[in-house]
file data-v4.cif (mmCIF, C-alpha atoms)
data_model
loop_
_atom_site.label_atom_id
_atom_site.label_comp_id
_atom_site.auth_asym_id
_atom_site.auth_seq_id
_atom_site.Cartn_x
_atom_site.Cartn_y
_atom_site.Cartn_z
CA MET A 1 145.09 119.48 84.31
CA THR A 2 143.35 116.65 82.49
CA ILE A 3 140.26 114.67 83.45
CA GLU A 4 139.92 111.14 82.06
CA ILE A 5 136.57 109.36 82.21
CA CYS A 6 136.54 105.59 82.55
CA ALA A 7 133.93 104.48 79.99
CA ASN A 8 132.70 100.89 80.12
CA SER A 9 130.87 101.06 76.78
CA VAL A 10 130.41 103.17 73.68
CA ALA A 11 127.29 104.66 75.28
CA SER A 12 129.36 105.66 78.30
CA ALA A 13 131.97 107.25 76.04
CA ARG A 14 129.27 109.26 74.28
CA ASN A 15 127.86 110.34 77.63
CA ALA A 16 131.34 111.41 78.73
CA LYS A 17 131.62 113.53 75.59
CA ALA A 18 128.15 115.00 76.19
CA GLY A 19 129.25 115.95 79.70
CA GLY A 20 132.25 117.85 78.35
CA ALA A 21 135.03 115.27 78.70
CA SER A 22 137.77 115.17 76.09
CA ARG A 23 139.39 111.84 77.02
CA VAL A 24 138.11 108.39 77.93
CA GLU A 25 139.63 105.11 78.96
CA LEU A 26 137.51 102.52 77.17
CA CYS A 27 136.97 99.15 78.84
CA ARG A 28 134.19 96.76 79.83
CA ARG A 29 133.23 94.86 83.01
CA LEU A 30 133.82 97.50 85.64
CA ASP A 31 132.47 95.00 88.16
CA VAL A 32 135.80 93.15 87.95
CA GLY A 33 137.98 96.22 87.62
CA GLY A 34 137.78 96.50 83.85
CA LEU A 35 138.66 94.23 80.91
CA THR A 36 139.71 94.75 77.30
CA PRO A 37 136.77 96.19 75.33
CA TYR A 38 135.26 94.34 72.40
CA PRO A 39 136.86 95.24 69.03
CA GLU A 40 133.60 96.65 67.69
CA ASP A 41 133.31 98.98 70.70
CA LEU A 42 136.92 100.05 70.25
CA LEU A 43 136.28 100.93 66.61
CA ALA A 44 133.08 102.83 67.42
CA CYS A 45 134.59 104.78 70.31
CA ALA A 46 137.61 105.82 68.28
CA LYS A 47 135.25 107.46 65.77
CA ILE A 48 133.59 109.76 68.33
CA PRO A 49 134.75 113.25 67.37
CA GLY A 50 136.54 115.33 69.97
CA ILE A 51 137.43 112.39 72.24
CA ARG A 52 140.91 111.03 72.86
CA THR A 53 140.54 107.29 73.28
CA HIS A 54 142.78 105.35 75.65
CA VAL A 55 142.14 101.59 75.74
CA LEU A 56 142.46 99.22 78.69
CA ILE A 57 144.20 95.97 77.71
CA ARG A 58 143.42 93.33 80.33
CA PRO A 59 142.33 89.88 79.13
CA ARG A 60 140.90 88.62 82.42
CA ALA A 61 140.11 89.54 85.99
CA GLY A 62 142.43 88.63 88.85
CA ASP A 63 146.14 89.13 89.22
CA PHE A 64 148.55 90.75 86.77
CA CYS A 65 150.86 87.77 86.20
CA TYR A 66 149.84 86.52 82.78
CA THR A 67 150.49 83.19 81.10
CA PRO A 68 152.38 83.21 77.78
CA LYS A 69 149.05 82.70 75.98
CA GLU A 70 147.44 85.63 77.82
CA TYR A 71 150.45 87.82 77.21
CA ASN A 72 150.33 87.02 73.51
CA GLN A 73 146.67 88.09 73.49
CA ILE A 74 147.70 91.38 75.11
CA ARG A 75 150.30 91.89 72.41
CA GLN A 76 147.74 91.26 69.68
CA ASP A 77 145.28 93.67 71.28
CA VAL A 78 147.97 96.37 71.46
CA ILE A 79 148.76 95.83 67.77
CA LEU A 80 145.05 96.17 66.95
CA CYS A 81 144.84 99.44 68.88
CA GLY A 82 147.82 100.75 66.95
CA ARG A 83 145.92 100.18 63.70
CA VAL A 84 142.82 102.11 64.80
CA ARG A 85 142.84 105.78 64.00
CA GLY A 86 141.81 107.74 67.10
CA VAL A 87 143.38 105.46 69.71
CA ARG A 88 146.02 107.53 71.49
CA ALA A 89 147.15 105.20 74.29
CA VAL A 90 146.91 101.72 75.74
CA VAL A 91 146.57 100.99 79.43
CA VAL A 92 148.39 97.94 80.81
CA GLY A 93 150.02 96.57 83.94
CA PHE A 94 152.33 93.65 84.62
CA LEU A 95 153.61 92.26 87.92
CA THR A 96 155.99 89.41 88.69
CA PRO A 97 154.81 86.53 90.91
CA ASP A 98 156.55 88.15 93.90
CA GLY A 99 154.69 91.43 93.41
CA TYR A 100 157.30 93.56 91.66
CA ILE A 101 156.87 95.53 88.45
CA ASP A 102 157.53 93.19 85.52
CA GLU A 103 159.96 95.44 83.68
CA GLU A 104 160.64 93.05 80.81
CA ARG A 105 157.03 92.81 79.70
CA THR A 106 156.26 96.46 80.42
CA ARG A 107 159.21 97.65 78.36
CA GLU A 108 158.29 95.34 75.49
CA ILE A 109 154.72 96.65 75.37
CA VAL A 110 155.93 100.27 75.45
CA GLN A 111 158.08 99.53 72.42
CA LEU A 112 155.32 97.60 70.66
CA ALA A 113 152.74 100.34 71.26
CA ALA A 114 154.82 103.25 69.95
CA PRO A 115 153.91 105.88 68.87
CA MET A 116 150.88 105.40 71.14
CA GLU A 117 151.34 106.36 74.77
CA VAL A 118 151.31 103.71 77.51
CA THR A 119 149.64 104.10 80.88
CA PHE A 120 150.63 101.69 83.65
CA HIS A 121 147.39 101.05 85.51
CA ARG A 122 146.39 100.23 89.08
CA ALA A 123 148.31 96.98 89.10
CA PHE A 124 150.71 99.42 90.79
CA ASP A 125 148.40 99.43 93.81
CA GLU A 126 148.95 95.67 94.26
CA ILE A 127 152.74 95.82 94.43
CA LYS A 128 154.79 94.27 97.22
CA GLN A 129 157.89 96.41 96.55
CA ASP A 130 158.55 99.92 97.79
CA PRO A 131 156.32 102.34 95.80
CA ALA A 132 159.24 104.68 95.12
CA ASP A 133 161.26 101.82 93.62
CA ALA A 134 158.23 100.66 91.63
CA LEU A 135 157.76 104.14 90.18
CA GLU A 136 161.39 104.24 89.07
CA ALA A 137 160.93 100.86 87.38
CA ILE A 138 157.90 102.13 85.44
CA ILE A 139 159.82 105.24 84.40
CA ARG A 140 162.75 103.08 83.22
CA CYS A 141 160.35 101.13 81.03
CA GLY A 142 159.29 104.29 79.21
CA CYS A 143 155.67 104.53 80.36
CA HIS A 144 154.08 107.92 79.89
CA ARG A 145 151.62 107.78 82.76
CA LEU A 146 150.85 105.96 86.02
CA LEU A 147 147.25 105.50 87.17
CA THR A 148 147.15 104.89 90.91
CA SER A 149 145.12 105.41 94.06
CA GLY A 150 148.31 105.82 96.04
CA CYS A 151 148.18 102.14 97.05
CA ALA A 152 145.00 102.85 99.04
CA PRO A 153 141.36 101.80 98.56
CA SER A 154 140.62 105.24 97.09
CA ALA A 155 142.59 108.20 95.74
CA GLU A 156 141.33 110.36 98.59
CA GLU A 157 142.76 107.93 101.12
CA GLY A 158 145.96 107.70 99.09
CA ILE A 159 146.67 111.45 99.06
CA PRO A 160 149.96 111.23 101.05
CA LEU A 161 151.55 108.71 98.68
CA LEU A 162 150.11 110.41 95.59
CA ARG A 163 151.75 113.66 96.69
CA SER A 164 155.05 111.85 97.21
CA LEU A 165 154.85 110.15 93.79
CA VAL A 166 154.22 113.47 92.03
CA GLN A 167 157.24 114.98 93.76
CA GLN A 168 159.40 111.97 92.90
CA ALA A 169 158.24 111.89 89.27
CA HIS A 170 159.31 115.52 88.81
CA GLY A 171 157.83 115.65 85.32
CA ARG A 172 159.43 112.40 84.10
CA ILE A 173 156.04 110.66 84.03
CA LEU A 174 152.46 111.81 84.60
CA ILE A 175 150.79 110.67 87.82
CA MET A 176 147.03 110.21 87.41
CA ALA A 177 144.89 109.79 90.53
CA GLY A 178 142.05 107.29 90.26
CA ALA A 179 139.59 105.25 92.37
CA GLY A 180 136.64 106.87 94.08
CA VAL A 181 137.13 110.28 92.45
CA THR A 182 133.88 112.30 92.51
CA PRO A 183 132.77 115.91 92.02
CA HIS A 184 132.86 116.21 95.82
CA ASN A 185 136.46 115.16 96.46
CA ALA A 186 138.26 115.84 93.17
CA THR A 187 139.36 119.37 94.05
CA ARG A 188 140.78 118.23 97.38
CA ILE A 189 142.72 115.42 95.68
CA LEU A 190 144.07 117.83 93.08
CA ALA A 191 144.97 120.54 95.57
CA ASP A 192 146.60 118.22 98.09
CA THR A 193 148.61 116.12 95.62
CA ALA A 194 149.32 118.37 92.60
CA VAL A 195 148.54 115.44 90.27
CA PRO A 196 148.22 116.72 86.68
CA GLU A 197 145.47 114.21 85.81
CA ILE A 198 142.51 112.51 87.49
CA HIS A 199 140.52 109.44 86.45
CA ALA A 200 136.84 108.99 87.30
CA SER A 201 133.95 106.83 86.10
CA CYS A 202 131.14 109.30 86.95
CA LYS A 203 128.78 106.34 86.70
CA HIS A 204 125.20 105.67 87.72
CA THR A 205 123.19 102.43 87.81
CA LEU A 206 120.50 101.83 85.22
CA SER A 207 117.16 100.12 85.89
CA ASP A 208 118.52 96.79 84.64
CA GLY A 209 121.38 96.91 87.15
CA THR A 210 124.13 97.82 84.68
CA VAL A 211 126.27 100.90 85.16
CA GLU A 212 126.93 103.69 82.71
CA THR A 213 128.75 107.00 82.68
CA ASP A 214 126.37 109.83 83.57
CA ALA A 215 126.84 113.01 81.51
CA GLU A 216 125.50 115.18 84.33
CA ILE A 217 128.03 113.81 86.85
CA VAL A 218 130.79 114.49 84.31
CA ARG A 219 129.52 118.08 84.05
CA GLU A 220 129.54 118.39 87.84
CA LEU A 221 133.12 117.11 88.02
CA LEU A 222 134.29 119.53 85.35
CA ALA A 223 132.40 122.40 86.96
CA ALA A 224 133.88 121.69 90.40
CA CYS A 225 137.40 121.78 88.96
CA ASN A 226 136.63 124.86 86.88
CA ASN A 227 135.28 126.74 89.88
CA LYS A 228 138.59 126.15 91.67
CA GLY A 229 140.55 127.32 88.63
CA LEU A 230 142.02 123.85 88.08
CA LEU A 231 141.09 123.47 84.40
#
call {"tool": "encode", "arguments": {"input": "data-v4.cif", "output": "structure tokens"}}
result
Amino acid sequence: MTIEICANSVASARNAKAGGASRVELCRRLDVGGLTPYPEDLLACAKIPGIRTHVLIRPRAGDFCYTPKEYNQIRQDVILCGRVRGVRAVVVGFLTPDGYIDEERTREIVQLAAPMEVTFHRAFDEIKQDPADALEAIIRCGCHRLLTSGCAPSAEEGIPLLRSLVQQAHGRILIMAGAGVTPHNATRILADTAVPEIHASCKHTLSDGTVETDAEIVRELLAACNNKGLL
């Protein structure tokens, strides 16, 4: 079982490492659900020893139907990630205007990103199509991983669908549970869904109002999973 820490800065990534994490999803602007990190942060994070860096590619907040210009920016950001030693995966998500998985763009990015892995992110939780059909579409596109809350406000609330997605995936793609995962509910989510990966920010608010990954909360999350024999 793998724990991924959502790191909104290089400092957060370092704190995740200090707390014992071995993988981060680097982004910025968690207040809007995460955006593509700055290139300098990407380069710095990828140099942190002992950390697998996955990179969120999302040029703006809002929906997941991108203009040709925005999509071209996504392509360029994926190409940049592929040139940075230490980046293991990119995290993307594309929907059509009617709320279905955009298979054409997803498949193209999977091909462009290779040999990096591709995670389809929580755009999945905004779909209008049947979740089982959407999962099959993502698998057809060649994605390695799906990050989802089970189409619910939090992963804990989405346990029934998460369990169903894991059973449907049957090893063809990794299902990663994310949204509201804490040291207090992680073991329940893992036990009740059998997801092989979880995604958590383990953040706290600094005196200036910004948020940052807290190394101690990461330790607590890892300890809770260790105590249940899940790591």
call {"tool": "closest_atom_pairs", "arguments": {"input": "data-v4.cif", "of": "segment 102-163 of chain A", "to": "segment 191-203 of chain A", "cutoff": "9 Å", "atoms": "all atoms listed in the file", "output": "Markdown table"}}
result
| residue | atom | partner | partner_atom | distance |
| --- | --- | --- | --- | --- |
| A:Leu147 | CA | A:His199 | CA | 7.8 |
| A:Ile159 | CA | A:Thr193 | CA | 6.1 |
| A:Pro160 | CA | A:Thr193 | CA | 7.4 |
| A:Leu161 | CA | A:Thr193 | CA | 8.5 |
| A:Leu162 | CA | A:Thr193 | CA | 5.9 |
| A:Arg163 | CA | A:Thr193 | CA | 4.1 |
call {"tool": "resolve_selection", "arguments": {"input": "data-v4.cif", "expression": "the PyMOL selection byres ((chain A and resi 117) around 8)", "output": "VMD selection string"}}
result
chain A and resid 88 to 90 110 113 to 116 118 to 119 143 to 144
call {"tool": "residues_around", "arguments": {"input": "data-v4.cif", "residues": "Ala155 of chain A", "least_positions_apart": "3", "cutoff": "6 Å", "atoms": "all atoms listed in the file", "output": "JSON list (two decimals) with C-alpha atoms, keeping the file's coordinate frame"}}
result
[["chain", "number", "residue", "atom", "x", "y", "z"],
["A", 149, "SER", "CA", 145.12, 105.41, 94.06],
["A", 158, "GLY", "CA", 145.96, 107.70, 99.09],
["A", 177, "ALA", "CA", 144.89, 109.79, 90.53],
["A", 178, "GLY", "CA", 142.05, 107.29, 90.26],
["A", 179, "ALA", "CA", 139.59, 105.25, 92.37]]
call {"tool": "atom_distance", "arguments": {"input": "data-v4.cif", "atom1": "atom CA of Tyr100 of chain A", "atom2": "atom CA of Phe124 of chain A"}}
result
8.9 Å
call {"tool": "closest_atom_pairs", "arguments": {"input": "data-v4.cif", "of": "segment 9-125 of chain A", "to": "segment 209-230 of chain A", "cutoff": "7 Å", "atoms": "all atoms listed in the file", "output": "tab-separated table"}}
result
residue	atom	partner	partner_atom	distance
A:Ser12	CA	A:Thr213	CA	4.6
A:Asn15	CA	A:Ala215	CA	4.8
A:Ala16	CA	A:Ala215	CA	5.5
A:Ala18	CA	A:Ala215	CA	5.8
A:Gly19	CA	A:Ala215	CA	4.2
A:Gly20	CA	A:Arg219	CA	6.3
call {"tool": "residues_around", "arguments": {"input": "data-v4.cif", "residues": "segment 46-61 of chain A", "least_positions_apart": "6", "cutoff": "7 Å", "atoms": "all atoms listed in the file", "output": "list in words"}}
result
Lys17, Ser22, Arg23, Val24, Glu25, Leu26, Cys27, Val32, Leu35, Thr36, Glu70, Ile74, Asp77, Arg85, Gly86, Val87, Arg88, Ala89, Val90, Val91 and Val92 of chain A
call {"tool": "write_last_selection", "arguments": {"input": "data-v4.cif", "atoms": "C-alpha atoms", "output": "compact mmCIF listing (two decimals), in the frame of the given file"}}
result
# COMPACT_ATOMS: atom_id res chain seq x y z
CA LYS A 17 131.62 113.53 75.59
CA SER A 22 137.77 115.17 76.09
CA ARG A 23 139.39 111.84 77.02
CA VAL A 24 138.11 108.39 77.93
CA GLU A 25 139.63 105.11 78.96
CA LEU A 26 137.51 102.52 77.17
CA CYS A 27 136.97 99.15 78.84
CA VAL A 32 135.80 93.15 87.95
CA LEU A 35 138.66 94.23 80.91
CA THR A 36 139.71 94.75 77.30
CA GLU A 70 147.44 85.63 77.82
CA ILE A 74 147.70 91.38 75.11
CA ASP A 77 145.28 93.67 71.28
CA ARG A 85 142.84 105.78 64.00
CA GLY A 86 141.81 107.74 67.10
CA VAL A 87 143.38 105.46 69.71
CA ARG A 88 146.02 107.53 71.49
CA ALA A 89 147.15 105.20 74.29
CA VAL A 90 146.91 101.72 75.74
CA VAL A 91 146.57 100.99 79.43
CA VAL A 92 148.39 97.94 80.81
call {"tool": "atom_distance", "arguments": {"input": "data-v4.cif", "atom1": "atom CA of Ala123 of chain A", "atom2": "atom CA of Ile3 of chain A"}}
result
20.2 Å
call {"tool": "resolve_selection", "arguments": {"input": "data-v4.cif", "expression": "the PyMOL selection byres ((chain A and resi 95) around 10)", "output": "PyMOL selection string"}}
result
chain A and resi 63-66+93-94+96-103+105-106+123-124+126-128
call {"tool": "atom_distance", "arguments": {"input": "data-v4.cif", "atom1": "atom CA of Ser154 of chain A", "atom2": "atom CA of Ile189 of chain A"}}
result
10.5 Å
call {"tool": "residues_around", "arguments": {"input": "data-v4.cif", "residues": "Glu108 of chain A", "least_positions_apart": "6", "cutoff": "10 Å", "atoms": "only C-alpha atoms", "output": "PDB file with C-alpha atoms, in the coordinates of the input"}}
result
ATOM      1  CA  ARG A  75     150.300  91.890  72.410  1.00  0.00           C
ATOM      2  CA  CYS A 141     160.350 101.130  81.030  1.00  0.00           C
ATOM      3  CA  GLY A 142     159.290 104.290  79.210  1.00  0.00           C
TER       4      GLY A 142
END
call {"tool": "build_atoms", "arguments": {"input": "data-v4.cif", "residues": "segment 184-207 of chain A", "atoms": "N, CA and C atoms", "output": "short mmCIF file (atom, residue, chain, number, x, y, z; two decimals), keeping the file's coordinate frame"}}
result
data_model
loop_
_atom_site.label_atom_id
_atom_site.label_comp_id
_atom_site.auth_asym_id
_atom_site.auth_seq_id
_atom_site.Cartn_x
_atom_site.Cartn_y
_atom_site.Cartn_z
N HIS A 184 132.76 115.70 94.45
CA HIS A 184 132.86 116.21 95.82
C HIS A 184 134.26 116.15 96.40
N ASN A 185 135.11 115.26 95.87
CA ASN A 185 136.46 115.16 96.46
C ASN A 185 137.58 115.46 95.46
N ALA A 186 137.22 115.66 94.20
CA ALA A 186 138.26 115.84 93.17
C ALA A 186 139.14 117.05 93.45
N THR A 187 138.55 118.16 93.85
CA THR A 187 139.36 119.37 94.05
C THR A 187 140.31 119.21 95.23
N ARG A 188 139.88 118.48 96.26
CA ARG A 188 140.78 118.23 97.38
C ARG A 188 141.95 117.36 96.93
N ILE A 189 141.66 116.30 96.17
CA ILE A 189 142.72 115.42 95.68
C ILE A 189 143.71 116.21 94.84
N LEU A 190 143.20 117.03 93.95
CA LEU A 190 144.07 117.83 93.08
C LEU A 190 144.90 118.82 93.88
N ALA A 191 144.27 119.51 94.80
CA ALA A 191 144.97 120.54 95.57
C ALA A 191 146.02 119.95 96.49
N ASP A 192 145.71 118.79 97.09
CA ASP A 192 146.60 118.22 98.09
C ASP A 192 147.71 117.35 97.51
N THR A 193 147.60 117.00 96.22
CA THR A 193 148.61 116.12 95.62
C THR A 193 149.38 116.77 94.47
N ALA A 194 148.75 117.73 93.81
CA ALA A 194 149.32 118.37 92.60
C ALA A 194 149.40 117.39 91.44
N VAL A 195 148.57 116.33 91.44
CA VAL A 195 148.54 115.44 90.27
C VAL A 195 148.07 116.24 89.06
N PRO A 196 148.65 115.99 87.88
CA PRO A 196 148.22 116.72 86.68
C PRO A 196 147.01 116.10 86.00
N GLU A 197 146.60 114.88 86.44
CA GLU A 197 145.47 114.21 85.81
C GLU A 197 144.67 113.43 86.86
N ILE A 198 143.36 113.35 86.64
CA ILE A 198 142.51 112.51 87.49
C ILE A 198 141.66 111.61 86.59
N HIS A 199 141.23 110.50 87.17
CA HIS A 199 140.52 109.44 86.45
C HIS A 199 139.26 109.12 87.23
N ALA A 200 138.10 109.23 86.60
CA ALA A 200 136.84 108.99 87.30
C ALA A 200 135.86 108.31 86.36
N SER A 201 134.95 107.51 86.92
CA SER A 201 133.95 106.83 86.10
C SER A 201 132.66 107.64 85.98
N CYS A 202 132.35 108.46 86.99
CA CYS A 202 131.14 109.30 86.95
C CYS A 202 129.92 108.46 86.55
N LYS A 203 129.80 107.30 87.14
CA LYS A 203 128.78 106.34 86.70
C LYS A 203 127.52 106.39 87.56
N HIS A 204 126.43 105.89 86.98
CA HIS A 204 125.20 105.67 87.72
C HIS A 204 124.65 104.31 87.29
N THR A 205 123.74 103.76 88.08
CA THR A 205 123.19 102.43 87.81
C THR A 205 121.86 102.56 87.09
N LEU A 206 121.73 101.82 86.00
CA LEU A 206 120.50 101.83 85.22
C LEU A 206 119.47 100.89 85.84
N SER A 207 118.25 100.93 85.32
CA SER A 207 117.16 100.12 85.89
C SER A 207 117.41 98.62 85.78
#
